[in-house]
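Following: one structure in structure tokens, then a few remarks.
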4 protein chains.
Amino acid sequence: MADAYAQPLDGDPAARVLVAGASGFTGALAARIVWSHPRLELIAITSRGDAGKPLDALYPRYRVPLELTELDLDRIEGVDAAIVAYPHGAAAPTVAALRAAGVLVVDLSADFRLRDRATYERWYGEHGAPDLFGEAVYGLTELYREELRTARLVATPGCYPTASVLALAPLAEKGLVEEAYVAAMQGTSGYGRSSDDSVHFSAMTENAFPYKTEGHRHRPEIEQELAALGSPAPVTFVPHLLPLDQGELATCFARLAEPLAKEWVQALYRERYADEPFVRVLDGPPNLRAVRDTNECHVYVTVEERGRVMAFSAIDNIWKGASGQGVQNLNLMLGLDETEGLR
Amino acid sequence: MADAYAQPLDGDPAARVLVAGASGFTGALAARIVWSHPRLELIAITSRGDAGKPLDALYPRYRVPLELTELDLDRIEGVDAAIVAYPHGAAAPTVAALRAAGVLVVDLSADFRLRDRATYERWYGEHGAPDLFGEAVYGLTELYREELRTARLVATPGCYPTASVLALAPLAEKGLVEEAYVAAMQGTSGYGRSSDDSVHFSAMTENAFPYKTEGHRHRPEIEQELAALGSPAPVTFVPHLLPLDQGELATCFARLAEPLAKEWVQALYRERYADEPFVRVLDGPPNLRAVRDTNECHVYVTVEERGRVMAFSAIDNIWKGASGQGVQNLNLMLGLDETEGLR
Amino acid sequence: MADAYAQPLDGDPAARVLVAGASGFTGALAARIVWSHPRLELIAITSRGDAGKPLDALYPRYRVPLELTELDLDRIEGVDAAIVAYPHGAAAPTVAALRAAGVLVVDLSADFRLRDRATYERWYGEHGAPDLFGEAVYGLTELYREELRTARLVATPGCYPTASVLALAPLAEKGLVEEAYVAAMQGTSGYGRSSDDSVHFSAMTENAFPYKTEGHRHRPEIEQELAALGSPAPVTFVPHLLPLDQGELATCFARLAEPLAKEWVQALYRERYADEPFVRVLDGPPNLRAVRDTNECHVYVTVEERGRVMAFSAIDNIWKGASGQGVQNLNLMLGLDETEGLR
Amino acid sequence: MADAYAQPLDGDPAARVLVAGASGFTGALAARIVWSHPRLELIAITSRGDAGKPLDALYPRYRVPLELTELDLDRIEGVDAAIVAYPHGAAAPTVAALRAAGVLVVDLSADFRLRDRATYERWYGEHGAPDLFGEAVYGLTELYREELRTARLVATPGCYPTASVLALAPLAEKGLVEEAYVAAMQGTSGYGRSSDDSVHFSAMTENAFPYKTEGHRHRPEIEQELAALGSPAPVTFVPHLLPLDQGELATCFARLAEPLAKEWVQALYRERYADEPFVRVLDGPPNLRAVRDTNECHVYVTVEERGRVMAFSAIDNIWKGASGQGVQNLNLMLGLDETEGLR
């Protein structure tokens, strides 16, 4: 095959980008998005375990012919921005080193998402870069767009908070949410590449189950953001694993401070998201196929006859739930149109 | 292949059984269970659209070599019991005719599940056999076992009520459930054989979605049963379709009248179901593979730190959610061990 | 969501394009490719059964907001080119009418693929536009590129012939193939949208099977093309349906006129396809995920120790096996780069 | 749940059975079949890596509450028979030790399948119990039934040889097969429990691919058996992995010594398998759903117009392709009906 997928840069790149941890599901996708981005140049992709392999060998469908290398923090001159796709806990020290070298950082891990130190320690343990704790802008683009334009460090939200908070935000912003119950569901790409028995095809096909029923780390993150919007509501949250690859649904039940008409609530949602490039308010329930391999979030809200709200959202967990939103934010940090490279 | 699957009857059959509507998913399974049941004789299987075909041609895995015929209500002498697997609305007149002929009936449709006529009419329209309305015993075996032993007409519960009510019953019986939110999920066998575009493999693979978000007929049934148990709680209910064949999860959030300790609640569940042959209380969340092709219901309950209960149940929607429970009840009606033919 | 997916035309369009039969799987994809094509303008999409619906309602992931209309052959002024995605037999009269009106036609049906009239009639019955029979260029781009540049009517090959012939062409061109055995496998999108029971998710999950074992219409097409290349070999062909949506594998066994070294054969393939923009010769067996949603064909060839050749190819059956290749050919007919709009 | 699944032994057991290697897919199924077998008593299940866990924790759907222990060859008094489900190479020494202790052995590995030592060493390396090499009866029940009745050591065939040889045996026995091409396809349970990236659900869903294209160890086994039947034909063989759990198809093309009528060949197959309890000759192509979780092999044969034979077979790769056939043979070794415990 002829040299089919050379990078189609439009003029000088806006930034030379490193993706650290590019052999996992989200890192590989981040590399692929940057690779085909018209304004970004992908200059290095790193991996500890898979250094020496071309990314193409691990993810042929992404068509990124670069070779994975070991990250060497002493040799990052020329790097303008980095997307860090490390496991929670492992990310913080690398993020700190990159920031110290003046590199813009989009962190896909949980290390900088929470704003309360005690909450972080309860759910994740000791923090790996305490000086930077609290310094990141929370990268839920639709809520923090202005702050993101000047951010140097962005904490990309968890996939479940992205889906859940976007489903509830229009009501939360009005201070209306009294309490919420969220049943979220996700495909196996959310489980990560380092598989255990649970995600063997033979175990997962024709199967589905709730997990982390005694408490999931994304719950305090959802509560943090609903409170920041104006609704400090308790959230009861449980995730489920589904037999599919990419995709995430959040089914959110909310009890409101006062009963509201369905038409009023639906109009509120349409208005709130009218100008959002990646949020689509639907006239009926969303589905996963419509958002797969996209950075979109599809939302539907309804109110049942006795006043409980049901708000639904669908995203691709590794796009809008991780790497796609990461690049959306990087675009803002660089002064680019936030949709560049994401359609 | 030699004559491998002749029916292994133990002595005289306890009943000669007709399955009406045996070409659909639940009717076919009912035929297969009766066919291999040691105390029942399957004497006829009927279908309007597929009369003349052997069931084996439609469902080879069930290995029932009988031919489907048209139901002729004038020629049902010799039939002791019937399982009726007709669509809602269509079942009632046939059920009435069978009852008039003295046949014991297990109805798998919704026609006799609700006890309030107005509620029935709101959700299903006019009733097809008003004289029989209210005459059926509700076939959630674990709740109505004694009544079922003398029942002549049993209304098999919907699959969602079976899963949801079994998940909440131990608390509901104590009058503790103040309100409940149920996110239920089901495979495509619950959608029925007469497929539309939604369940084409190409549409459903890698997909999942909520449906009937503006109100599902199983909600009043769940509320009816929780109230009958002692907890007249409002239930907010939404079903989801998953990319798998057989299986159903009910994830139930409940707000209680008073906060209860997790240990107390878990002990309550273990005790309540200790002697149930088909309900297994687990030490962690259930999964669908463990119940597929069985009549079991797996239940797990937990209480999160701020007192909300999460109760989970998993069933096979066409077994415990329909035909398996139907035969479980028929066993009781005939004075047999309720587990006969179901293991 | 803001107006996100307006068509990004680069200057004046090279052609205004009609897609006829746009509610089926291949027609809808053709519409989506034309819609996002930088040099084509999609001016109408038609459907008999779904006229009046926006394509978006049927295929939300394609994001084509146009409304389906009934095709009116009296009102096609302004149409420069048409892609016809009708069933076999139904296509010919419409193709003839469009050609009579001077419209360039890419036909996705089988109506103009075969060059021998008797063979056509044996497999498909009477032809619907006998005057045009034999007038089309066969649209296997890699074999007929020059003829395609001046074609007015192109018969897009079947998906199985595309995969099988590309797998065998380098050897067939040398006159080396004595006989071939092809086991081909395809996902359910190849079965078409008008589903029957076979492609209900509940029937297809955890299933796979050969079909059309007594003769499939694509076999004479494969033989026609191998003969045209120089190897008039008998082909034994059988297709299989797999539990996946998009994707097709052709596993081809070939007996050669003389034994050849594996290295020689592999070098032949690499050289033959070196300049092809959409054919990639791999160093090991292909897989379907690497070609899904692309117009690529991945090929691998090996020779086992006793001289039999095994040649494998993987395509996306609705892209390179239908609509993608259709647009690839339309690009050539219009003097555009053949890769435009296909990456 | 009450004590639901106690072992329903009919009188004294015919043998007390050990399953060694019971934490893998085939070992676990062997344990489950023995556990519910009316004439066998499962007295121990062993595993190196999972000793201490109940099998129920790993495979809840099998409902075998026994605990896995480490195999101690010094303490196997009381064991009458063993099913050994170890990896190739690792099995031979354990098999030898068990035989030395007088235990009947059904080996599921490849260690005793081949009868030619050089061929074994070429494909598997040095043999771990050379004194026993050649001492086993090959456990393809339908071909070696009489020898199996008196066997002390049985080598259960590979799943691909089981499917392929049963598909071709009626012709091979007549010395008619000149050469064969086999495209076989299997679900991920054939890949084993110790998953690598290839069988992560995210890698396998919507995927399929040929593998071991440069030579698969089952090929010499297929050739050995066709030759033993009377047709020393070269076989070109390639396996494929499919996105499903249990199931295997063999699509076999055969060139015959002389052209034969389809009717004659189909009658030959029907007659050959007329009395076989687990082989069903179909009137059309087989499918995997019809054999899943059964010990059956479904066969269909046809002859295309130019005389090539296409023979198809479908089995469940871990039942008839491994553990089911293992128990079928153990039944024969013990003088039981070969179908006991397998329906």
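In the structure tokens, chains take letters A, B, ... by order of appearance, with residues numbered from 1 within each chain and ligands from 1 in the order shown.
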**Request:** Quick one: everything within 9 Å of Phe237 (chain C), counting only C-alpha atoms, minus sequence neighbours fewer than 2 positions away in the same chain. Send it as a list in words.
**Result:**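 The contact residues come out as Ala180, Tyr181, Val182, Ala183, Ala184, Thr213, Gly215, His216, His218, Arg219, Val235 and Pro239 of chain C.
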Keeping N, CA, C and O atoms for every residue in the selection just given, could you write it to a file as an mmCIF file, in the first residue's frame?
data_model
loop_
_atom_site.group_PDB
_atom_site.id
_atom_site.type_symbol
_atom_site.label_atom_id
_atom_site.label_comp_id
_atom_site.auth_asym_id
_atom_site.auth_seq_id
_atom_site.Cartn_x
_atom_site.Cartn_y
_atom_site.Cartn_z
ATOM 1 N N ALA C 180 -9.227 -23.358 -7.182
ATOM 2 C CA ALA C 180 -9.278 -22.631 -5.912
ATOM 3 C C ALA C 180 -10.472 -23.082 -5.093
ATOM 4 O O ALA C 180 -11.513 -23.473 -5.637
ATOM 5 N N TYR C 181 -10.265 -23.051 -3.774
ATOM 6 C CA TYR C 181 -11.314 -23.341 -2.814
ATOM 7 C C TYR C 181 -11.394 -22.128 -1.894
ATOM 8 O O TYR C 181 -10.378 -21.741 -1.304
ATOM 9 N N VAL C 182 -12.563 -21.556 -1.761
ATOM 10 C CA VAL C 182 -12.688 -20.324 -0.986
ATOM 11 C C VAL C 182 -13.721 -20.511 0.121
ATOM 12 O O VAL C 182 -14.888 -20.817 -0.147
ATOM 13 N N ALA C 183 -13.269 -20.353 1.353
ATOM 14 C CA ALA C 183 -14.189 -20.276 2.496
ATOM 15 C C ALA C 183 -14.237 -18.812 2.897
ATOM 16 O O ALA C 183 -13.249 -18.270 3.392
ATOM 17 N N ALA C 184 -15.363 -18.169 2.653
ATOM 18 C CA ALA C 184 -15.485 -16.746 2.950
ATOM 19 C C ALA C 184 -16.425 -16.568 4.134
ATOM 20 O O ALA C 184 -17.290 -17.413 4.387
ATOM 21 N N THR C 213 -24.866 -23.340 0.606
ATOM 22 C CA THR C 213 -23.884 -24.384 0.330
ATOM 23 C C THR C 213 -24.116 -25.044 -1.031
ATOM 24 O O THR C 213 -23.222 -25.685 -1.564
ATOM 25 N N GLY C 215 -24.617 -23.467 -3.771
ATOM 26 C CA GLY C 215 -24.264 -22.563 -4.856
ATOM 27 C C GLY C 215 -24.598 -21.130 -4.525
ATOM 28 O O GLY C 215 -25.748 -20.800 -4.256
ATOM 29 N N HIS C 216 -23.592 -20.254 -4.533
ATOM 30 C CA HIS C 216 -23.800 -18.842 -4.233
ATOM 31 C C HIS C 216 -23.500 -18.042 -5.498
ATOM 32 O O HIS C 216 -22.558 -18.324 -6.228
ATOM 33 N N HIS C 218 -22.103 -15.437 -6.110
ATOM 34 C CA HIS C 218 -20.819 -14.764 -6.276
ATOM 35 C C HIS C 218 -19.757 -15.686 -6.891
ATOM 36 O O HIS C 218 -18.718 -15.225 -7.304
ATOM 37 N N ARG C 219 -20.030 -16.985 -6.913
ATOM 38 C CA ARG C 219 -19.027 -17.899 -7.439
ATOM 39 C C ARG C 219 -18.759 -17.665 -8.934
ATOM 40 O O ARG C 219 -17.593 -17.518 -9.338
ATOM 41 N N VAL C 235 -13.636 -22.721 -9.239
ATOM 42 C CA VAL C 235 -13.612 -22.215 -7.868
ATOM 43 C C VAL C 235 -14.729 -22.894 -7.080
ATOM 44 O O VAL C 235 -15.875 -22.889 -7.505
ATOM 45 N N PRO C 239 -19.837 -19.402 1.517
ATOM 46 C CA PRO C 239 -19.824 -18.289 2.476
ATOM 47 C C PRO C 239 -20.307 -18.734 3.850
ATOM 48 O O PRO C 239 -21.019 -19.736 3.977
#
**Test item: chain D residues at most 6 Å from chain B, counting only C-alpha atoms, as an NGL selection string** = :D and (1-2 or 60-61 or 274-277 or 279-280 or 290)
**Request:** Give the helix (DSSP H, G or I) residues of region 32-120 of chain D, as DSSP finds them on the backbone, and put them as a list in words.
**Result:**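 Residues of region 32-120 of chain D classed as helix (DSSP H, G or I): Arg32, Ile33, Val34, Trp35, Leu55, Asp56, Ala57, Leu58, Pro60, Arg61, Tyr62, Ala91, Ala92, Pro93, Thr94, Val95, Ala96, Ala97, Leu98, Arg99, Ala100, Arg117, Ala118, Thr119 and Tyr120 of chain D.
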Residues near Glu70 (chain C), cut-off 6 Å, only C-alpha atoms, skip fewer than 4 positions along chain, as a PDB file with all heavy atoms, in the first residue's frame:
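Generated output (around.pdb):
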ATOM      1  N   THR C  46     -32.894   8.653  -1.794  1.00  0.00           N
ATOM      2  CA  THR C  46     -34.251   8.166  -2.004  1.00  0.00           C
ATOM      3  C   THR C  46     -34.455   6.779  -1.411  1.00  0.00           C
ATOM      4  O   THR C  46     -33.510   6.030  -1.193  1.00  0.00           O
ATOM      5  CB  THR C  46     -34.588   8.105  -3.520  1.00  0.00           C
ATOM      6  OG1 THR C  46     -33.859   7.037  -4.124  1.00  0.00           O
ATOM      7  CG2 THR C  46     -34.250   9.411  -4.207  1.00  0.00           C
ATOM      8  N   SER C  47     -35.718   6.500  -1.156  1.00  0.00           N
ATOM      9  CA  SER C  47     -36.098   5.215  -0.575  1.00  0.00           C
ATOM     10  C   SER C  47     -37.580   5.030  -0.832  1.00  0.00           C
ATOM     11  O   SER C  47     -38.355   5.982  -0.752  1.00  0.00           O
ATOM     12  CB  SER C  47     -35.854   5.231   0.935  1.00  0.00           C
ATOM     13  OG  SER C  47     -36.587   4.202   1.567  1.00  0.00           O
ATOM     14  N   ARG C  48     -37.979   3.822  -1.135  1.00  0.00           N
ATOM     15  CA  ARG C  48     -39.398   3.607  -1.292  1.00  0.00           C
ATOM     16  C   ARG C  48     -40.073   3.522   0.081  1.00  0.00           C
ATOM     17  O   ARG C  48     -40.950   4.293   0.404  1.00  0.00           O
ATOM     18  CB  ARG C  48     -39.652   2.316  -2.080  1.00  0.00           C
ATOM     19  CG  ARG C  48     -41.002   2.326  -2.770  1.00  0.00           C
ATOM     20  CD  ARG C  48     -41.097   1.221  -3.813  1.00  0.00           C
ATOM     21  NE  ARG C  48     -39.893   1.210  -4.659  1.00  0.00           N
ATOM     22  CZ  ARG C  48     -39.588   0.228  -5.504  1.00  0.00           C
ATOM     23  NH1 ARG C  48     -40.373  -0.825  -5.603  1.00  0.00           N
ATOM     24  NH2 ARG C  48     -38.492   0.295  -6.250  1.00  0.00           N
ATOM     25  N   ALA C  51     -39.422   6.833   2.686  1.00  0.00           N
ATOM     26  CA  ALA C  51     -39.538   8.218   2.240  1.00  0.00           C
ATOM     27  C   ALA C  51     -40.217   9.052   3.316  1.00  0.00           C
ATOM     28  O   ALA C  51     -41.179   8.601   3.949  1.00  0.00           O
ATOM     29  CB  ALA C  51     -40.325   8.278   0.933  1.00  0.00           C
TER      30      ALA C  51
END
**Request:** Find the residues near Pro38 (chain C): any atom within 12 Å, counting only C-alpha atoms, skip ones fewer than 2 places away on the same chain, and give them as a VMD selection string.
**Result:** chain C and resid 6 to 16 33 to 36 40 to 42 331 336 to 337 339 to 343
**Request:** Would you return as an MDAnalysis selection string the members of region 155-340 of chain D that DSSP assigns to strand (DSSP E or B) on this structure's backbone?
**Result:** chainID D and resid 155 177:186 200 209:210 235:241 248:256 279:281 297:303 309:315
